[in-house]
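Colleague: Got a structure for you, written out below as structure tokens; questions coming shortly.
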Amino acid sequence: MKWSKLWSLRHWTHIFRRVPRLLQSPQIPLLDKLLLTVPALLYWVLPDFLPFIPIDDLAVTMLLMNWFVARAERKYPSV
């Protein structure tokens with residue numbers, strides 16, 4: 001992925017629109033949905049275990065969302 005794409009407002013608008021739809025879609029298995037929610041929730045709840053990583057919780061969640069949408073759109077193109 002190009003770094004310039006990560007700075008694009010259009011790209012993040014697409015990501016924020018797709019995540020709720022993909023999480024609610026019955027075509028995507030629960031395991032795939034858990035690949036987004038479990039790491040994000042753990043990072044938000046347990047940030048003290050990784051105190052020396054300078055990335056904010058929101059940034060980690062956004063990167064996970066980006067990865068989840070790209071993976072789901074590639075794996076399930078009809079959703």
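For the structure tokens, the naming scheme is as follows: chains receive sequential letters (A, B, ...) according to their order of presentation, residues are indexed from 1 within each chain, and ligands are indexed from 1 in presentation order.
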Give me the residues near range 62-71 of chain A as a ChimeraX atom specification, where near means some atom within 9 Å (using only C-alpha atoms) and where sequence neighbours in that chain fewer than 4 positions away do not count.
Modeller: /A:6,12,15-16,18-19,22,32-33,35-37,39-40,57-58,75-76
Colleague: Write a file of the selected residues as a compact mmCIF listing (two decimals), in the first residue's frame, keeping all heavy atoms.
Modeller:
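For reference, result11.txt as written:
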# COMPACT_ATOMS: atom_id res chain seq x y z
N LEU A 6 -2.64 6.38 2.68
CA LEU A 6 -2.99 6.45 4.10
C LEU A 6 -3.31 7.87 4.55
O LEU A 6 -3.98 8.06 5.56
CB LEU A 6 -1.88 5.87 4.96
CG LEU A 6 -1.74 4.35 4.93
CD1 LEU A 6 -0.55 3.92 5.77
CD2 LEU A 6 -3.00 3.68 5.41
N TRP A 12 -9.97 7.22 3.80
CA TRP A 12 -10.49 7.00 5.15
C TRP A 12 -12.00 7.12 5.21
O TRP A 12 -12.65 6.45 6.01
CB TRP A 12 -9.81 7.93 6.15
CG TRP A 12 -8.40 7.47 6.38
CD1 TRP A 12 -7.27 8.08 5.95
CD2 TRP A 12 -7.99 6.27 7.03
NE1 TRP A 12 -6.17 7.33 6.30
CE2 TRP A 12 -6.59 6.23 6.96
CE3 TRP A 12 -8.67 5.23 7.65
CZ2 TRP A 12 -5.86 5.17 7.51
CZ3 TRP A 12 -7.93 4.18 8.20
CH2 TRP A 12 -6.54 4.16 8.12
N ILE A 15 -13.08 3.73 4.23
CA ILE A 15 -12.84 2.78 5.32
C ILE A 15 -13.93 2.90 6.38
O ILE A 15 -14.52 1.91 6.81
CB ILE A 15 -11.45 3.00 5.95
CG1 ILE A 15 -10.34 2.73 4.93
CG2 ILE A 15 -11.26 2.14 7.19
CD1 ILE A 15 -10.24 1.32 4.44
N PHE A 16 -14.23 4.13 6.81
CA PHE A 16 -15.21 4.33 7.87
C PHE A 16 -16.63 3.97 7.42
O PHE A 16 -17.46 3.60 8.25
CB PHE A 16 -15.17 5.77 8.40
CG PHE A 16 -14.04 6.01 9.34
CD1 PHE A 16 -12.97 6.82 8.97
CD2 PHE A 16 -14.02 5.42 10.59
CE1 PHE A 16 -11.92 7.04 9.84
CE2 PHE A 16 -12.97 5.63 11.47
CZ PHE A 16 -11.91 6.44 11.09
N ARG A 18 -17.22 1.46 5.17
CA ARG A 18 -17.25 0.02 4.92
C ARG A 18 -17.19 -0.83 6.19
O ARG A 18 -17.77 -1.91 6.23
CB ARG A 18 -16.09 -0.37 4.00
CG ARG A 18 -16.23 0.13 2.58
CD ARG A 18 -17.35 -0.52 1.87
NE ARG A 18 -17.00 -1.92 1.62
CZ ARG A 18 -17.86 -2.85 1.27
NH1 ARG A 18 -19.11 -2.57 1.11
NH2 ARG A 18 -17.47 -4.09 1.09
N VAL A 19 -16.49 -0.38 7.21
CA VAL A 19 -16.32 -1.21 8.41
C VAL A 19 -17.65 -1.61 9.04
O VAL A 19 -17.87 -2.80 9.29
CB VAL A 19 -15.38 -0.52 9.43
CG1 VAL A 19 -15.46 -1.19 10.79
CG2 VAL A 19 -13.95 -0.55 8.93
N LEU A 22 -19.36 -4.19 6.76
CA LEU A 22 -18.69 -5.49 6.74
C LEU A 22 -18.88 -6.23 8.05
O LEU A 22 -19.04 -7.46 8.05
CB LEU A 22 -17.20 -5.30 6.45
CG LEU A 22 -16.86 -4.82 5.04
CD1 LEU A 22 -15.39 -4.45 4.94
CD2 LEU A 22 -17.23 -5.86 4.01
N ASP A 32 -13.42 -13.85 10.90
CA ASP A 32 -12.85 -12.70 10.21
C ASP A 32 -13.21 -11.40 10.91
O ASP A 32 -12.39 -10.47 10.98
CB ASP A 32 -13.33 -12.65 8.76
CG ASP A 32 -12.69 -13.73 7.91
OD1 ASP A 32 -11.68 -14.31 8.35
OD2 ASP A 32 -13.19 -14.00 6.81
N LYS A 33 -14.40 -11.31 11.45
CA LYS A 33 -14.81 -10.11 12.18
C LYS A 33 -14.04 -9.98 13.49
O LYS A 33 -13.69 -8.87 13.90
CB LYS A 33 -16.31 -10.15 12.46
CG LYS A 33 -17.15 -10.10 11.20
CD LYS A 33 -18.61 -10.28 11.51
CE LYS A 33 -19.43 -10.38 10.24
NZ LYS A 33 -20.85 -10.60 10.52
N LEU A 35 -11.02 -10.85 13.90
CA LEU A 35 -9.66 -10.42 13.60
C LEU A 35 -9.50 -8.90 13.67
O LEU A 35 -8.40 -8.39 13.83
CB LEU A 35 -9.23 -10.92 12.21
CG LEU A 35 -8.96 -12.40 12.10
CD1 LEU A 35 -8.69 -12.78 10.65
CD2 LEU A 35 -7.80 -12.80 12.97
N LEU A 36 -10.59 -8.18 13.58
CA LEU A 36 -10.56 -6.73 13.75
C LEU A 36 -10.88 -6.35 15.19
O LEU A 36 -10.15 -5.58 15.81
CB LEU A 36 -11.56 -6.04 12.81
CG LEU A 36 -11.82 -4.56 13.12
CD1 LEU A 36 -10.58 -3.72 12.85
CD2 LEU A 36 -13.00 -4.05 12.34
N THR A 37 -11.95 -6.90 15.71
CA THR A 37 -12.45 -6.42 17.00
C THR A 37 -11.58 -6.83 18.19
O THR A 37 -11.35 -6.02 19.08
CB THR A 37 -13.89 -6.91 17.23
OG1 THR A 37 -13.94 -8.31 17.10
CG2 THR A 37 -14.83 -6.27 16.22
N PRO A 39 -8.17 -7.64 18.50
CA PRO A 39 -6.94 -6.86 18.70
C PRO A 39 -7.20 -5.39 19.03
O PRO A 39 -6.49 -4.81 19.86
CB PRO A 39 -6.20 -6.99 17.36
CG PRO A 39 -6.77 -8.18 16.72
CD PRO A 39 -8.18 -8.29 17.18
N ALA A 40 -8.21 -4.80 18.41
CA ALA A 40 -8.50 -3.40 18.70
C ALA A 40 -8.96 -3.23 20.14
O ALA A 40 -8.49 -2.31 20.85
CB ALA A 40 -9.56 -2.87 17.74
N ASP A 57 -3.75 4.82 20.52
CA ASP A 57 -4.77 3.78 20.38
C ASP A 57 -5.61 3.97 19.12
O ASP A 57 -5.95 3.01 18.44
CB ASP A 57 -5.70 3.76 21.59
CG ASP A 57 -4.97 3.43 22.88
OD1 ASP A 57 -3.85 2.93 22.80
OD2 ASP A 57 -5.54 3.69 23.95
N LEU A 58 -5.95 5.19 18.83
CA LEU A 58 -6.76 5.48 17.66
C LEU A 58 -6.02 5.14 16.37
O LEU A 58 -6.61 4.59 15.44
CB LEU A 58 -7.18 6.95 17.65
CG LEU A 58 -8.13 7.39 16.56
CD1 LEU A 58 -9.42 6.58 16.62
CD2 LEU A 58 -8.43 8.86 16.68
N LYS A 75 -11.19 -10.76 -0.14
CA LYS A 75 -11.64 -12.12 0.11
C LYS A 75 -13.12 -12.32 -0.23
O LYS A 75 -13.51 -13.40 -0.65
CB LYS A 75 -11.39 -12.45 1.59
CG LYS A 75 -11.39 -13.91 1.91
CD LYS A 75 -10.90 -14.12 3.32
CE LYS A 75 -10.91 -15.57 3.71
NZ LYS A 75 -10.49 -15.79 5.09
N TYR A 76 -13.93 -11.30 -0.01
CA TYR A 76 -15.39 -11.36 -0.25
C TYR A 76 -15.80 -10.19 -1.14
O TYR A 76 -16.37 -9.22 -0.66
CB TYR A 76 -16.16 -11.32 1.07
CG TYR A 76 -15.66 -12.31 2.09
CD1 TYR A 76 -14.83 -11.92 3.13
CD2 TYR A 76 -16.00 -13.65 2.00
CE1 TYR A 76 -14.36 -12.83 4.06
CE2 TYR A 76 -15.54 -14.57 2.91
CZ TYR A 76 -14.72 -14.14 3.95
OH TYR A 76 -14.25 -15.05 4.85
Colleague: Please list as an NGL selection string every residue within 12 Å of Ser78 in chain A, counting only C-alpha atoms and excluding residues in the same chain fewer than 4 positions away.
Modeller: :A and (22 or 25-28 or 72-74)
Colleague: According to DSSP computed on the backbone, where in chain A is there alpha helix (DSSP H)? Give the residues as a ChimeraX atom specification.
Modeller: /A:3-6,9-24,30-45,57-75
